[in-house]
Amino acid sequence: MRLVQFKTPEGERKVGRVSTDGNHLHPLKDTRSVRELAEAAIERRVPIATLVEERATAELVDYDRLHRENLVLAPLDHEEPSRFLVTGTGLTHTGSANARDKMHVLTHGEGAAESDSLKIFRMGLEGGKPAGGPPGVQPEWFFKGVGTCVVAPGAALPMPAFALAGAEEAEIVGLYVVGPDGSPFRIGYALGNEYSDHVTEAENYLYLAHSKLRSCSIGPELLVGDLPDEVRGLSRIRRNGEVIWEEEFLSGETHMSHSIANLEHYHFRYPMHRRPGDLHAYFFGAAVMSYAFGVLTGPGDEYEIEADVFGKPLRNRVELTPDEGLVTVTQL
């Protein structure tokens, strides 16, 4: 079961269930957002899939037309964007450790000492999937931003003038809502492009937070239910309509050094991450990235991330933003 948030040409918000052919949506009755749907499921104490079955109509909406007209929204959002926290983790996939180490070698040379990236990746391999009992080893973790940093599928990903680069990170994203009693609930999963400045990151690992560039994209479809143990997908870059780079990525717990439950524990253990009514998007880490293959992307390039289990691909084009110059603070 996959869900899509969208707007009608008249501007009305709706949620639709993806049809069996993948090219149409069945709008849900009396449902303006996935957040409202999830909160109703919590209140009734039923799986969200139960409500979808009850509310799905026989009406068919042309899904491809919605994409052409840029009417598809991110699969989760909040009317108060500050209540939608966007975070992530890295070094959770074999590919990500290799990519991060390549960046280390590019910057410091072949004879460089082992990077902290490989050290923390090995920690995950040894203790990131505890078999019950106490939590496993904690993962890398970072704060990306709030709801205003999430770019809709098909919309432009801004590349700040101060960035040294901007490149894709194809990832799976966990989407969550916090219930009235402070208990976190997973709504489902989606594709994501975490989008980072890997040139800045490679200069010094302590620049990791700055390298995140804040903007990201999620969607277009939200997968309800369990994530398959193995997810196979493709990440590609198009320039002037031509594919200039393409690589398979492998995800799901089979290819991860941490269990999803372990990642979730270390995120939601903080009381501030369990505020009733808040939403969370948690990026689970990238398996491959074009920068590690020597590809430098720029304005006009289009990222395309796809995996069969998530339906239609996530596409976004890079757009350079104007230089705002020096930002100064005024003393009151």
# chains A, B, ... in the order shown; residues from 1 in each chain; ligands from 1

call {"tool": "select_by_dssp", "arguments": {"residues": "range 88-210 of chain A", "states": "helix (DSSP H, G or I)", "output": "mmCIF file with all heavy atoms, in the first residue's frame"}}
result
data_model
loop_
_atom_site.group_PDB
_atom_site.id
_atom_site.type_symbol
_atom_site.label_atom_id
_atom_site.label_comp_id
_atom_site.auth_asym_id
_atom_site.auth_seq_id
_atom_site.Cartn_x
_atom_site.Cartn_y
_atom_site.Cartn_z
ATOM 1 N N THR A 94 27.182 -0.533 3.722
ATOM 2 C CA THR A 94 28.531 -0.829 3.246
ATOM 3 C C THR A 94 28.977 0.194 2.212
ATOM 4 O O THR A 94 30.091 0.705 2.243
ATOM 5 C CB THR A 94 28.583 -2.244 2.631
ATOM 6 O OG1 THR A 94 28.126 -3.191 3.594
ATOM 7 C CG2 THR A 94 29.996 -2.584 2.196
ATOM 8 N N GLY A 95 28.079 0.535 1.283
ATOM 9 C CA GLY A 95 28.410 1.494 0.246
ATOM 10 C C GLY A 95 28.752 2.860 0.806
ATOM 11 O O GLY A 95 29.641 3.550 0.300
ATOM 12 N N SER A 96 28.036 3.281 1.852
ATOM 13 C CA SER A 96 28.284 4.606 2.415
ATOM 14 C C SER A 96 29.655 4.676 3.063
ATOM 15 O O SER A 96 30.351 5.697 2.974
ATOM 16 C CB SER A 96 27.200 4.969 3.439
ATOM 17 O OG SER A 96 27.230 4.099 4.560
ATOM 18 N N ALA A 97 30.066 3.608 3.730
ATOM 19 C CA ALA A 97 31.397 3.586 4.341
ATOM 20 C C ALA A 97 32.478 3.657 3.268
ATOM 21 O O ALA A 97 33.462 4.390 3.411
ATOM 22 C CB ALA A 97 31.561 2.319 5.182
ATOM 23 N N ASN A 98 32.296 2.918 2.178
ATOM 24 C CA ASN A 98 33.271 2.959 1.097
ATOM 25 C C ASN A 98 33.337 4.347 0.475
ATOM 26 O O ASN A 98 34.415 4.867 0.184
ATOM 27 C CB ASN A 98 32.910 1.923 0.021
ATOM 28 C CG ASN A 98 33.103 0.498 0.501
ATOM 29 O OD1 ASN A 98 33.848 0.251 1.431
ATOM 30 N ND2 ASN A 98 32.414 -0.440 -0.138
ATOM 31 N N ALA A 99 32.162 4.960 0.265
ATOM 32 C CA ALA A 99 32.113 6.291 -0.348
ATOM 33 C C ALA A 99 32.776 7.322 0.549
ATOM 34 O O ALA A 99 33.552 8.167 0.082
ATOM 35 C CB ALA A 99 30.664 6.676 -0.630
ATOM 36 N N ARG A 100 32.475 7.279 1.852
ATOM 37 C CA ARG A 100 33.048 8.256 2.775
ATOM 38 C C ARG A 100 34.569 8.078 2.844
ATOM 39 O O ARG A 100 35.304 9.051 2.933
ATOM 40 C CB ARG A 100 32.401 8.089 4.148
ATOM 41 C CG ARG A 100 32.696 9.201 5.136
ATOM 42 C CD ARG A 100 31.768 10.391 4.962
ATOM 43 N NE ARG A 100 30.398 10.117 5.332
ATOM 44 C CZ ARG A 100 29.906 10.264 6.556
ATOM 45 N NH1 ARG A 100 30.697 10.652 7.541
ATOM 46 N NH2 ARG A 100 28.631 10.041 6.793
ATOM 47 N N ASP A 101 35.032 6.823 2.788
ATOM 48 C CA ASP A 101 36.472 6.589 2.846
ATOM 49 C C ASP A 101 37.152 7.066 1.567
ATOM 50 O O ASP A 101 38.271 7.581 1.604
ATOM 51 C CB ASP A 101 36.766 5.108 3.081
ATOM 52 C CG ASP A 101 38.152 4.890 3.678
ATOM 53 O OD1 ASP A 101 38.444 5.506 4.721
ATOM 54 O OD2 ASP A 101 38.931 4.129 3.092
ATOM 55 N N LYS A 102 36.476 6.921 0.414
ATOM 56 C CA LYS A 102 37.026 7.448 -0.831
ATOM 57 C C LYS A 102 37.216 8.956 -0.736
ATOM 58 O O LYS A 102 38.209 9.511 -1.206
ATOM 59 C CB LYS A 102 36.094 7.125 -2.010
ATOM 60 C CG LYS A 102 36.186 5.708 -2.535
ATOM 61 C CD LYS A 102 35.272 5.547 -3.740
ATOM 62 C CE LYS A 102 35.310 4.129 -4.285
ATOM 63 N NZ LYS A 102 34.392 3.965 -5.441
ATOM 64 N N MET A 103 36.232 9.637 -0.127
ATOM 65 C CA MET A 103 36.344 11.079 0.061
ATOM 66 C C MET A 103 37.548 11.408 0.938
ATOM 67 O O MET A 103 38.280 12.369 0.679
ATOM 68 C CB MET A 103 35.052 11.611 0.689
ATOM 69 C CG MET A 103 33.865 11.576 -0.250
ATOM 70 S SD MET A 103 32.271 11.710 0.603
ATOM 71 C CE MET A 103 32.493 13.205 1.541
ATOM 72 N N HIS A 104 37.772 10.604 1.951
ATOM 73 C CA HIS A 104 38.902 10.792 2.858
ATOM 74 C C HIS A 104 40.221 10.639 2.105
ATOM 75 O O HIS A 104 41.147 11.444 2.268
ATOM 76 C CB HIS A 104 38.790 9.758 3.993
ATOM 77 C CG HIS A 104 39.888 9.831 5.013
ATOM 78 N ND1 HIS A 104 39.978 10.855 5.935
ATOM 79 C CD2 HIS A 104 40.937 9.000 5.272
ATOM 80 C CE1 HIS A 104 41.029 10.655 6.713
ATOM 81 N NE2 HIS A 104 41.627 9.542 6.331
ATOM 82 N N VAL A 105 40.297 9.626 1.248
ATOM 83 C CA VAL A 105 41.510 9.371 0.476
ATOM 84 C C VAL A 105 41.741 10.485 -0.541
ATOM 85 O O VAL A 105 42.871 10.945 -0.756
ATOM 86 C CB VAL A 105 41.428 8.001 -0.223
ATOM 87 C CG1 VAL A 105 42.565 7.836 -1.232
ATOM 88 C CG2 VAL A 105 41.470 6.877 0.803
ATOM 89 N N LEU A 106 40.651 10.961 -1.193
ATOM 90 C CA LEU A 106 40.776 12.034 -2.170
ATOM 91 C C LEU A 106 41.389 13.280 -1.533
ATOM 92 O O LEU A 106 42.154 14.012 -2.156
ATOM 93 C CB LEU A 106 39.398 12.385 -2.754
ATOM 94 C CG LEU A 106 38.829 11.425 -3.804
ATOM 95 C CD1 LEU A 106 37.397 11.793 -4.124
ATOM 96 C CD2 LEU A 106 39.672 11.461 -5.076
ATOM 97 N N THR A 107 41.038 13.519 -0.270
ATOM 98 C CA THR A 107 41.502 14.727 0.412
ATOM 99 C C THR A 107 42.885 14.546 1.024
ATOM 100 O O THR A 107 43.729 15.440 0.958
ATOM 101 C CB THR A 107 40.507 15.129 1.513
ATOM 102 O OG1 THR A 107 39.208 15.264 0.925
ATOM 103 C CG2 THR A 107 40.897 16.446 2.148
ATOM 104 N N HIS A 108 43.134 13.375 1.627
ATOM 105 C CA HIS A 108 44.358 13.191 2.428
ATOM 106 C C HIS A 108 45.378 12.245 1.795
ATOM 107 O O HIS A 108 46.463 12.068 2.351
ATOM 108 C CB HIS A 108 43.982 12.679 3.824
ATOM 109 C CG HIS A 108 43.052 13.598 4.556
ATOM 110 N ND1 HIS A 108 43.446 14.803 5.077
ATOM 111 C CD2 HIS A 108 41.718 13.488 4.833
ATOM 112 C CE1 HIS A 108 42.420 15.400 5.655
ATOM 113 N NE2 HIS A 108 41.369 14.636 5.520
ATOM 114 N N ASP A 116 37.859 8.152 10.738
ATOM 115 C CA ASP A 116 36.858 7.900 11.774
ATOM 116 C C ASP A 116 35.602 7.285 11.180
ATOM 117 O O ASP A 116 34.867 6.566 11.862
ATOM 118 C CB ASP A 116 36.499 9.205 12.491
ATOM 119 C CG ASP A 116 37.609 9.672 13.424
ATOM 120 O OD1 ASP A 116 38.442 8.839 13.817
ATOM 121 O OD2 ASP A 116 37.629 10.872 13.762
ATOM 122 N N SER A 117 35.338 7.562 9.899
ATOM 123 C CA SER A 117 34.169 6.993 9.240
ATOM 124 C C SER A 117 34.216 5.469 9.254
ATOM 125 O O SER A 117 33.237 4.808 9.601
ATOM 126 C CB SER A 117 34.084 7.495 7.791
ATOM 127 O OG SER A 117 33.900 8.884 7.750
ATOM 128 N N LEU A 118 35.384 4.908 8.881
ATOM 129 C CA LEU A 118 35.488 3.449 8.877
ATOM 130 C C LEU A 118 35.423 2.887 10.292
ATOM 131 O O LEU A 118 34.875 1.804 10.516
ATOM 132 C CB LEU A 118 36.778 3.007 8.191
ATOM 133 C CG LEU A 118 36.749 2.992 6.661
ATOM 134 C CD1 LEU A 118 38.048 2.418 6.117
ATOM 135 C CD2 LEU A 118 35.566 2.188 6.146
ATOM 136 N N LYS A 119 35.955 3.632 11.246
ATOM 137 C CA LYS A 119 35.905 3.161 12.634
ATOM 138 C C LYS A 119 34.468 3.050 13.123
ATOM 139 O O LYS A 119 34.069 2.042 13.718
ATOM 140 C CB LYS A 119 36.703 4.107 13.532
ATOM 141 C CG LYS A 119 38.209 4.092 13.290
ATOM 142 C CD LYS A 119 38.910 5.134 14.163
ATOM 143 C CE LYS A 119 40.394 5.196 13.859
ATOM 144 N NZ LYS A 119 41.081 6.274 14.629
ATOM 145 N N ILE A 120 33.659 4.090 12.870
ATOM 146 C CA ILE A 120 32.290 4.063 13.376
ATOM 147 C C ILE A 120 31.439 3.074 12.582
ATOM 148 O O ILE A 120 30.505 2.469 13.118
ATOM 149 C CB ILE A 120 31.672 5.484 13.363
ATOM 150 C CG1 ILE A 120 30.464 5.529 14.317
ATOM 151 C CG2 ILE A 120 31.257 5.905 11.960
ATOM 152 C CD1 ILE A 120 29.943 6.928 14.574
ATOM 153 N N PHE A 121 31.800 2.856 11.301
ATOM 154 C CA PHE A 121 31.084 1.845 10.522
ATOM 155 C C PHE A 121 31.339 0.456 11.094
ATOM 156 O O PHE A 121 30.416 -0.352 11.240
ATOM 157 C CB PHE A 121 31.528 1.895 9.058
ATOM 158 C CG PHE A 121 30.934 0.789 8.221
ATOM 159 C CD1 PHE A 121 29.577 0.758 7.947
ATOM 160 C CD2 PHE A 121 31.733 -0.221 7.715
ATOM 161 C CE1 PHE A 121 29.028 -0.269 7.181
ATOM 162 C CE2 PHE A 121 31.199 -1.242 6.950
ATOM 163 C CZ PHE A 121 29.836 -1.266 6.685
ATOM 164 N N ARG A 122 32.589 0.174 11.472
ATOM 165 C CA ARG A 122 32.907 -1.129 12.052
ATOM 166 C C ARG A 122 32.198 -1.314 13.393
ATOM 167 O O ARG A 122 31.773 -2.417 13.734
ATOM 168 C CB ARG A 122 34.415 -1.275 12.217
ATOM 169 C CG ARG A 122 35.058 -1.993 11.036
ATOM 170 C CD ARG A 122 36.413 -2.562 11.433
ATOM 171 N NE ARG A 122 37.415 -1.513 11.446
ATOM 172 C CZ ARG A 122 38.090 -1.142 10.360
ATOM 173 N NH1 ARG A 122 37.835 -1.712 9.201
ATOM 174 N NH2 ARG A 122 39.005 -0.195 10.434
ATOM 175 N N MET A 123 32.055 -0.237 14.154
ATOM 176 C CA MET A 123 31.308 -0.317 15.416
ATOM 177 C C MET A 123 29.875 -0.757 15.155
ATOM 178 O O MET A 123 29.304 -1.566 15.897
ATOM 179 C CB MET A 123 31.334 1.041 16.125
ATOM 180 C CG MET A 123 32.680 1.415 16.715
ATOM 181 S SD MET A 123 32.767 3.163 17.209
ATOM 182 C CE MET A 123 31.451 3.219 18.447
ATOM 183 N N GLY A 124 29.293 -0.236 14.063
ATOM 184 C CA GLY A 124 27.933 -0.628 13.709
ATOM 185 C C GLY A 124 27.842 -2.090 13.307
ATOM 186 O O GLY A 124 26.918 -2.799 13.692
ATOM 187 N N LEU A 125 28.823 -2.544 12.525
ATOM 188 C CA LEU A 125 28.832 -3.955 12.130
ATOM 189 C C LEU A 125 28.888 -4.879 13.344
ATOM 190 O O LEU A 125 28.256 -5.934 13.366
ATOM 191 C CB LEU A 125 30.033 -4.243 11.224
ATOM 192 C CG LEU A 125 29.975 -3.752 9.776
ATOM 193 C CD1 LEU A 125 31.280 -4.088 9.071
ATOM 194 C CD2 LEU A 125 28.791 -4.375 9.030
ATOM 195 N N GLU A 126 29.642 -4.460 14.349
ATOM 196 C CA GLU A 126 29.837 -5.308 15.524
ATOM 197 C C GLU A 126 28.684 -5.213 16.518
ATOM 198 O O GLU A 126 28.406 -6.186 17.232
ATOM 199 C CB GLU A 126 31.146 -4.921 16.218
ATOM 200 C CG GLU A 126 32.380 -5.209 15.377
ATOM 201 C CD GLU A 126 33.634 -4.529 15.924
ATOM 202 O OE1 GLU A 126 33.523 -3.860 16.981
ATOM 203 O OE2 GLU A 126 34.700 -4.662 15.297
ATOM 204 N N GLY A 127 27.991 -4.060 16.582
ATOM 205 C CA GLY A 127 26.973 -3.923 17.618
ATOM 206 C C GLY A 127 25.741 -3.143 17.242
ATOM 207 O O GLY A 127 25.006 -2.684 18.121
ATOM 208 N N GLY A 147 10.458 21.427 8.632
ATOM 209 C CA GLY A 147 9.643 21.193 7.448
ATOM 210 C C GLY A 147 9.891 22.122 6.281
ATOM 211 O O GLY A 147 9.668 21.748 5.120
ATOM 212 N N THR A 148 10.360 23.347 6.549
ATOM 213 C CA THR A 148 10.618 24.281 5.452
ATOM 214 C C THR A 148 11.775 23.845 4.568
ATOM 215 O O THR A 148 11.937 24.372 3.457
ATOM 216 C CB THR A 148 10.919 25.692 6.012
ATOM 217 O OG1 THR A 148 11.931 25.582 7.023
ATOM 218 C CG2 THR A 148 9.675 26.320 6.617
ATOM 219 N N CYS A 149 12.595 22.895 5.017
ATOM 220 C CA CYS A 149 13.736 22.462 4.196
ATOM 221 C C CYS A 149 13.358 21.325 3.247
ATOM 222 O O CYS A 149 14.161 20.942 2.395
ATOM 223 C CB CYS A 149 14.917 22.047 5.081
ATOM 224 S SG CYS A 149 14.775 20.428 5.843
ATOM 225 N N HIS A 198 29.537 17.562 -0.525
ATOM 226 C CA HIS A 198 30.571 16.614 -0.142
ATOM 227 C C HIS A 198 31.977 17.205 -0.234
ATOM 228 O O HIS A 198 32.908 16.671 0.387
ATOM 229 C CB HIS A 198 30.465 15.352 -1.008
ATOM 230 C CG HIS A 198 29.148 14.653 -0.864
ATOM 231 N ND1 HIS A 198 28.233 14.567 -1.881
ATOM 232 C CD2 HIS A 198 28.587 14.051 0.217
ATOM 233 C CE1 HIS A 198 27.167 13.914 -1.457
ATOM 234 N NE2 HIS A 198 27.347 13.597 -0.197
ATOM 235 N N VAL A 199 32.148 18.282 -0.995
ATOM 236 C CA VAL A 199 33.457 18.932 -1.047
ATOM 237 C C VAL A 199 33.771 19.561 0.313
ATOM 238 O O VAL A 199 34.870 19.403 0.857
ATOM 239 C CB VAL A 199 33.501 19.989 -2.166
ATOM 240 C CG1 VAL A 199 34.826 20.745 -2.132
ATOM 241 C CG2 VAL A 199 33.314 19.327 -3.529
ATOM 242 N N THR A 200 32.793 20.256 0.872
ATOM 243 C CA THR A 200 32.978 20.830 2.205
ATOM 244 C C THR A 200 33.184 19.734 3.243
ATOM 245 O O THR A 200 34.056 19.834 4.113
ATOM 246 C CB THR A 200 31.759 21.693 2.587
ATOM 247 O OG1 THR A 200 31.732 22.852 1.752
ATOM 248 C CG2 THR A 200 31.817 22.128 4.040
ATOM 249 N N GLU A 201 32.402 18.665 3.153
ATOM 250 C CA GLU A 201 32.529 17.565 4.116
ATOM 251 C C GLU A 201 33.916 16.935 4.060
ATOM 252 O O GLU A 201 34.494 16.577 5.089
ATOM 253 C CB GLU A 201 31.462 16.510 3.836
ATOM 254 C CG GLU A 201 31.502 15.330 4.779
ATOM 255 C CD GLU A 201 30.478 14.259 4.436
ATOM 256 O OE1 GLU A 201 29.583 14.528 3.615
ATOM 257 O OE2 GLU A 201 30.588 13.153 4.996
ATOM 258 N N ALA A 202 34.460 16.799 2.846
ATOM 259 C CA ALA A 202 35.766 16.150 2.695
ATOM 260 C C ALA A 202 36.901 17.012 3.238
ATOM 261 O O ALA A 202 37.968 16.489 3.578
ATOM 262 C CB ALA A 202 36.018 15.826 1.222
ATOM 263 N N GLU A 203 36.706 18.324 3.324
ATOM 264 C CA GLU A 203 37.759 19.191 3.861
ATOM 265 C C GLU A 203 38.086 18.833 5.308
ATOM 266 O O GLU A 203 39.227 18.787 5.719
ATOM 267 C CB GLU A 203 37.320 20.658 3.785
ATOM 268 C CG GLU A 203 37.471 21.271 2.423
ATOM 269 C CD GLU A 203 37.258 22.776 2.469
ATOM 270 O OE1 GLU A 203 36.906 23.314 3.549
ATOM 271 O OE2 GLU A 203 37.442 23.421 1.426
ATOM 272 N N TYR A 205 35.967 16.455 8.573
ATOM 273 C CA TYR A 205 34.758 15.767 9.014
ATOM 274 C C TYR A 205 33.929 16.613 9.979
ATOM 275 O O TYR A 205 32.713 16.453 10.074
ATOM 276 C CB TYR A 205 35.130 14.428 9.653
ATOM 277 C CG TYR A 205 33.937 13.600 10.030
ATOM 278 C CD1 TYR A 205 33.070 13.116 9.054
ATOM 279 C CD2 TYR A 205 33.654 13.293 11.360
ATOM 280 C CE1 TYR A 205 31.959 12.367 9.387
ATOM 281 C CE2 TYR A 205 32.549 12.540 11.700
ATOM 282 C CZ TYR A 205 31.710 12.078 10.712
ATOM 283 O OH TYR A 205 30.612 11.342 11.048
ATOM 284 N N LEU A 206 34.567 17.554 10.689
ATOM 285 C CA LEU A 206 33.820 18.411 11.612
ATOM 286 C C LEU A 206 32.956 19.431 10.879
ATOM 287 O O LEU A 206 32.156 20.129 11.495
ATOM 288 C CB LEU A 206 34.776 19.120 12.576
ATOM 289 C CG LEU A 206 35.524 18.191 13.538
ATOM 290 C CD1 LEU A 206 36.469 18.995 14.424
ATOM 291 C CD2 LEU A 206 34.549 17.394 14.405
ATOM 292 N N TYR A 207 33.105 19.502 9.543
ATOM 293 C CA TYR A 207 32.227 20.344 8.729
ATOM 294 C C TYR A 207 30.972 19.588 8.294
ATOM 295 O O TYR A 207 30.203 20.080 7.453
ATOM 296 C CB TYR A 207 32.965 20.826 7.480
ATOM 297 C CG TYR A 207 33.920 21.970 7.705
ATOM 298 C CD1 TYR A 207 34.990 22.172 6.824
ATOM 299 C CD2 TYR A 207 33.757 22.865 8.758
ATOM 300 C CE1 TYR A 207 35.879 23.223 7.012
ATOM 301 C CE2 TYR A 207 34.647 23.914 8.948
ATOM 302 C CZ TYR A 207 35.695 24.092 8.078
ATOM 303 O OH TYR A 207 36.565 25.135 8.256
ATOM 304 N N LEU A 208 30.752 18.401 8.837
ATOM 305 C CA LEU A 208 29.613 17.584 8.422
ATOM 306 C C LEU A 208 28.298 18.359 8.513
ATOM 307 O O LEU A 208 27.481 18.335 7.589
ATOM 308 C CB LEU A 208 29.519 16.317 9.291
ATOM 309 C CG LEU A 208 28.321 15.405 8.982
ATOM 310 C CD1 LEU A 208 28.475 14.763 7.617
ATOM 311 C CD2 LEU A 208 28.167 14.330 10.059
ATOM 312 N N ALA A 209 28.079 19.064 9.622
ATOM 313 C CA ALA A 209 26.811 19.787 9.796
ATOM 314 C C ALA A 209 26.637 20.856 8.722
ATOM 315 O O ALA A 209 25.558 21.009 8.147
ATOM 316 C CB ALA A 209 26.749 20.410 11.190
ATOM 317 N N HIS A 210 27.707 21.617 8.427
ATOM 318 C CA HIS A 210 27.620 22.642 7.385
ATOM 319 C C HIS A 210 27.375 22.014 6.013
ATOM 320 O O HIS A 210 26.709 22.606 5.164
ATOM 321 C CB HIS A 210 28.908 23.464 7.333
ATOM 322 C CG HIS A 210 29.058 24.423 8.462
ATOM 323 N ND1 HIS A 210 28.162 25.450 8.695
ATOM 324 C CD2 HIS A 210 30.001 24.528 9.434
ATOM 325 C CE1 HIS A 210 28.549 26.144 9.753
ATOM 326 N NE2 HIS A 210 29.658 25.605 10.230
#

call {"tool": "select_by_dssp", "arguments": {"residues": "range 98-280 of chain A", "states": "strand (DSSP E)", "output": "ChimeraX atom specification"}}
result
/A:142-146,150-151,156-159,170-178,184-193,216-218,222-223,231-239,242-251,279-280

call {"tool": "closest_residue", "arguments": {"among": "A:Ala165, A:Ala292, A:Met159, A:Ala56", "to": "Asn316 in chain A", "atoms": "only C-alpha atoms"}}
result
A:Met159

call {"tool": "residues_around", "arguments": {"residues": "range 280-283 of chain A", "least_positions_apart": "2", "cutoff": "8 Å", "atoms": "only C-alpha atoms", "output": "list of chain:residue names"}}
result
A:Phe84, A:Leu85, A:Val86, A:Thr87, A:Gly88, A:Thr89, A:Glu171, A:Ile172, A:Val173, A:Gly174, A:Leu175, A:Tyr176, A:Val177, A:Gly192, A:Glu194, A:Asp278, A:Gly285

call {"tool": "residues_around", "arguments": {"residues": "Arg55 in chain A", "least_positions_apart": "3", "cutoff": "8 Å", "atoms": "only C-alpha atoms", "output": "list in words"}}
result
Leu28, Lys29, Asp30, Leu51 and Val52 of chain A

call {"tool": "closest_residue", "arguments": {"among": "A:Ser183, A:Asn204, A:Thr330, A:Asn193", "to": "Met272 in chain A", "atoms": "only C-alpha atoms"}}
result
A:Ser183

call {"tool": "residues_around", "arguments": {"residues": "range 299-310 of chain A", "least_positions_apart": "2", "cutoff": "8 Å", "atoms": "only C-alpha atoms", "output": "PyMOL selection string"}}
result
chain A and resi 2+159+168+170+190-193+221-223+231-240+297+312-320

call {"tool": "atom_distance", "arguments": {"atom1": "CA of Gly252 in chain A", "atom2": "CA of Val288 in chain A"}}
result
13.7 Å

call {"tool": "residues_around", "arguments": {"residues": "His258 in chain A", "least_positions_apart": "5", "cutoff": "9 Å", "atoms": "only C-alpha atoms", "output": "PyMOL selection string"}}
result
chain A and resi 92-93+124-125+127-130+136-139+253+263

call {"tool": "closest_residue", "arguments": {"among": "A:Glu324, A:Asp77, A:Asp181, A:Glu59", "to": "Glu36 in chain A", "atoms": "only C-alpha atoms"}}
result
A:Asp77

call {"tool": "residues_around", "arguments": {"residues": "range 3-13 of chain A", "least_positions_apart": "2", "cutoff": "8 Å", "atoms": "only C-alpha atoms", "output": "list in words"}}
result
Met1, Val15, Gly16, Arg17, Val18, Leu25, Arg32, Ser33, Val34, Leu66, Leu71, Val72, Leu73, Ala74, Pro75, Leu76, Pro220, Glu221, Leu222, Leu223 and Val224 of chain A
